[in-house]
Amino acid sequence: MGEAAEVTPERNPIRIRDGGWEQGSIVAPVDLASLSGTVGAGPFKDGSFGIVLSQSCDVVASSYEDEPKVEILVAEPIQKSNWQYVRLRNPRIFHMPFTHSGTTAYCELRPHLRFMLPRHLLEDIARDSVRELPPDSLQQVRVWIVDRYVRSALPDEFNNRLKKIDKRLETLFKKKSEGVTGVWIFLNTEEALDAATPYRMIRTVVTMKTELYSDRARRSKAEDFAVQLGKILEDCEGIESDFPVVLPESRFTLDDLGVYQRLDKQAFSTSE
């Protein structure tokens, strides 16, 4: 059994749970500098902090043998965000907000600035008490990282047609209701079609957080959002679509992710 797998009176993973560590927890800059050096990562820019990227269940797992390490994503502080790198526009650079002493600040993420850290080292430090990652930012980080591996491009011709309603989609997505986590489309083809042939959205799905889907009032707002989306899509020349359906994330499966593509990123291709 390797060193990281041993549980001794001085080392016990229950201390990680007691310390409140979970996915999205922040490793303070001073701790990031120290810990990254132990595994040969870095050095990173001054003020950089770490974001725990591993799933919460893995972070607090009871066995070091089963889960010896956690993945840390490095965030570099910036003065302000650049519209080209927000809202998942760019797969290589991501600017997002976090809070610093209760005030909104911004950081830059790059997918290669990640490293694996022996999990037991979290026992010896406290999660950052002045920096925090809002739930929306954590959700976007998840999507941004996953898209590095599963993203597929929509046809250029389809995107060209979608540009006619870009502004309307952008306005709608900016005010999407609480609990809505994504808009997904199942397109009939990934091929370039001639101008006379419409693209067909076989199905359009608006996903909601599962725990909020059962709240009738919140679900009703999400359904209103879906109706507005349907009306906008209906007006897009060269694209045919039935009205979107609203589903909890628990009913949107990994199989679905294999054939659906996100629409709510494409709307942000032209302006902030």
# chains A, B, ... in the order shown; residues from 1 in each chain; ligands from 1
call {"tool": "closest_atom_pairs", "arguments": {"of": "stretch 173-237 of chain A", "to": "stretch 117-140 of chain A", "cutoff": "12 Å", "atoms": "only C-alpha atoms", "output": "Markdown table"}}
result
| residue | atom | partner | partner_atom | distance |
| --- | --- | --- | --- | --- |
| A:Glu178 | CA | A:Asp136 | CA | 10.5 |
| A:Gly179 | CA | A:Asp136 | CA | 10.2 |
| A:Val180 | CA | A:Asp136 | CA | 10.8 |
| A:Thr181 | CA | A:Gln139 | CA | 8.4 |
| A:Gly182 | CA | A:Gln140 | CA | 10.4 |
| A:Lys209 | CA | A:Gln139 | CA | 11.1 |
call {"tool": "residues_around", "arguments": {"residues": "A:Phe94", "least_positions_apart": "5", "cutoff": "7 Å", "atoms": "only C-alpha atoms", "output": "PDB file with N, CA and C atoms, in the first residue's frame"}}
result
ATOM      1  N   TYR A  85     -13.569  35.902 -23.858  1.00  0.00           N
ATOM      2  CA  TYR A  85     -13.249  34.712 -23.068  1.00  0.00           C
ATOM      3  C   TYR A  85     -14.293  34.399 -21.992  1.00  0.00           C
ATOM      4  N   VAL A  86     -15.454  35.046 -22.051  1.00  0.00           N
ATOM      5  CA  VAL A  86     -16.498  34.752 -21.072  1.00  0.00           C
ATOM      6  C   VAL A  86     -17.560  33.860 -21.700  1.00  0.00           C
ATOM      7  N   LEU A  88     -18.068  30.764 -21.975  1.00  0.00           N
ATOM      8  CA  LEU A  88     -17.677  29.547 -22.699  1.00  0.00           C
ATOM      9  C   LEU A  88     -17.415  29.799 -24.178  1.00  0.00           C
ATOM     10  N   GLU A 108      -8.611  34.161 -14.614  1.00  0.00           N
ATOM     11  CA  GLU A 108      -8.421  33.518 -15.916  1.00  0.00           C
ATOM     12  C   GLU A 108      -8.026  32.071 -15.707  1.00  0.00           C
ATOM     13  N   LEU A 109      -8.688  31.189 -16.465  1.00  0.00           N
ATOM     14  CA  LEU A 109      -8.394  29.767 -16.420  1.00  0.00           C
ATOM     15  C   LEU A 109      -7.864  29.314 -17.777  1.00  0.00           C
ATOM     16  N   ARG A 110      -6.906  28.407 -17.730  1.00  0.00           N
ATOM     17  CA  ARG A 110      -6.400  27.746 -18.934  1.00  0.00           C
ATOM     18  C   ARG A 110      -6.356  26.252 -18.638  1.00  0.00           C
TER      19      ARG A 110
END
call {"tool": "residues_around", "arguments": {"residues": "A:Leu257", "least_positions_apart": "6", "cutoff": "12 Å", "atoms": "only C-alpha atoms", "output": "ChimeraX atom specification"}}
result
/A:143,146-147,149-152,182-186,205,207,249,251
call {"tool": "select_by_dssp", "arguments": {"residues": "stretch 53-243 of chain A", "states": "alpha helix (DSSP H)", "output": "MDAnalysis selection string"}}
result
chainID A and resid 56:59 135:150 156:162 166:174 210:213 216:234
call {"tool": "closest_residue", "arguments": {"among": "A:Leu263, A:Met208, A:Ile232, A:Ala33", "to": "A:Phe49", "atoms": "only C-alpha atoms"}}
result
A:Ala33
call {"tool": "residues_around", "arguments": {"residues": "A:Glu234", "least_positions_apart": "6", "cutoff": "12 Å", "atoms": "only C-alpha atoms", "output": "list in words"}}
result
Leu162, Lys164, Ile165, Arg200, Met201, Val227, Gln228, Glu240, Ser241, Asp242, Phe243 and Pro244 of chain A
call {"tool": "write_last_selection", "arguments": {"atoms": "N, CA and C atoms", "output": "PDB file, in the first residue's frame"}}
result
ATOM      1  N   LEU A 162     -28.222  30.779 -37.878  1.00  0.00           N
ATOM      2  CA  LEU A 162     -28.543  31.118 -36.499  1.00  0.00           C
ATOM      3  C   LEU A 162     -28.178  32.568 -36.175  1.00  0.00           C
ATOM      4  N   LYS A 164     -28.896  35.119 -37.592  1.00  0.00           N
ATOM      5  CA  LYS A 164     -30.031  36.032 -37.809  1.00  0.00           C
ATOM      6  C   LYS A 164     -30.816  36.282 -36.530  1.00  0.00           C
ATOM      7  N   ILE A 165     -30.718  35.349 -35.586  1.00  0.00           N
ATOM      8  CA  ILE A 165     -31.460  35.513 -34.329  1.00  0.00           C
ATOM      9  C   ILE A 165     -30.516  35.566 -33.126  1.00  0.00           C
ATOM     10  N   ARG A 200     -33.134  20.754 -39.491  1.00  0.00           N
ATOM     11  CA  ARG A 200     -34.241  20.341 -38.648  1.00  0.00           C
ATOM     12  C   ARG A 200     -33.736  20.019 -37.238  1.00  0.00           C
ATOM     13  N   MET A 201     -34.211  20.762 -36.251  1.00  0.00           N
ATOM     14  CA  MET A 201     -33.947  20.418 -34.864  1.00  0.00           C
ATOM     15  C   MET A 201     -34.953  19.342 -34.469  1.00  0.00           C
ATOM     16  N   VAL A 227     -40.945  28.537 -23.998  1.00  0.00           N
ATOM     17  CA  VAL A 227     -41.898  29.075 -24.977  1.00  0.00           C
ATOM     18  C   VAL A 227     -41.273  30.246 -25.726  1.00  0.00           C
ATOM     19  N   GLN A 228     -40.620  31.152 -24.989  1.00  0.00           N
ATOM     20  CA  GLN A 228     -39.964  32.293 -25.649  1.00  0.00           C
ATOM     21  C   GLN A 228     -38.884  31.810 -26.609  1.00  0.00           C
ATOM     22  N   GLU A 240     -35.871  24.597 -38.885  1.00  0.00           N
ATOM     23  CA  GLU A 240     -37.176  24.150 -38.417  1.00  0.00           C
ATOM     24  C   GLU A 240     -37.022  23.528 -37.038  1.00  0.00           C
ATOM     25  N   SER A 241     -37.984  23.831 -36.154  1.00  0.00           N
ATOM     26  CA  SER A 241     -37.885  23.318 -34.794  1.00  0.00           C
ATOM     27  C   SER A 241     -39.255  23.214 -34.165  1.00  0.00           C
ATOM     28  N   ASP A 242     -39.497  22.118 -33.436  1.00  0.00           N
ATOM     29  CA  ASP A 242     -40.669  22.041 -32.578  1.00  0.00           C
ATOM     30  C   ASP A 242     -40.389  22.841 -31.309  1.00  0.00           C
ATOM     31  N   PHE A 243     -41.424  23.096 -30.525  1.00  0.00           N
ATOM     32  CA  PHE A 243     -41.212  23.853 -29.310  1.00  0.00           C
ATOM     33  C   PHE A 243     -40.379  23.031 -28.320  1.00  0.00           C
ATOM     34  N   PRO A 244     -39.458  23.691 -27.597  1.00  0.00           N
ATOM     35  CA  PRO A 244     -38.591  22.982 -26.649  1.00  0.00           C
ATOM     36  C   PRO A 244     -39.385  22.356 -25.504  1.00  0.00           C
TER      37      PRO A 244
END
call {"tool": "atom_distance", "arguments": {"atom1": "atom CA of A:Lys231", "atom2": "atom CA of A:Pro155"}}
result
22.2 Å
call {"tool": "closest_residue", "arguments": {"among": "A:Ser56, A:Ser101, A:Ser48, A:Gln261", "to": "A:Ala75", "atoms": "only C-alpha atoms"}}
result
A:Ser48
call {"tool": "residues_around", "arguments": {"residues": "stretch 57-65 of chain A", "least_positions_apart": "2", "cutoff": "10 Å", "atoms": "only C-alpha atoms", "output": "PyMOL selection string"}}
result
chain A and resi 1-7+11-23+52-55+67-71+118-120+122
call {"tool": "residues_around", "arguments": {"residues": "stretch 36-40 of chain A", "least_positions_apart": "5", "cutoff": "10 Å", "atoms": "only C-alpha atoms", "output": "PyMOL selection string"}}
result
chain A and resi 31+50+72+74+114-118
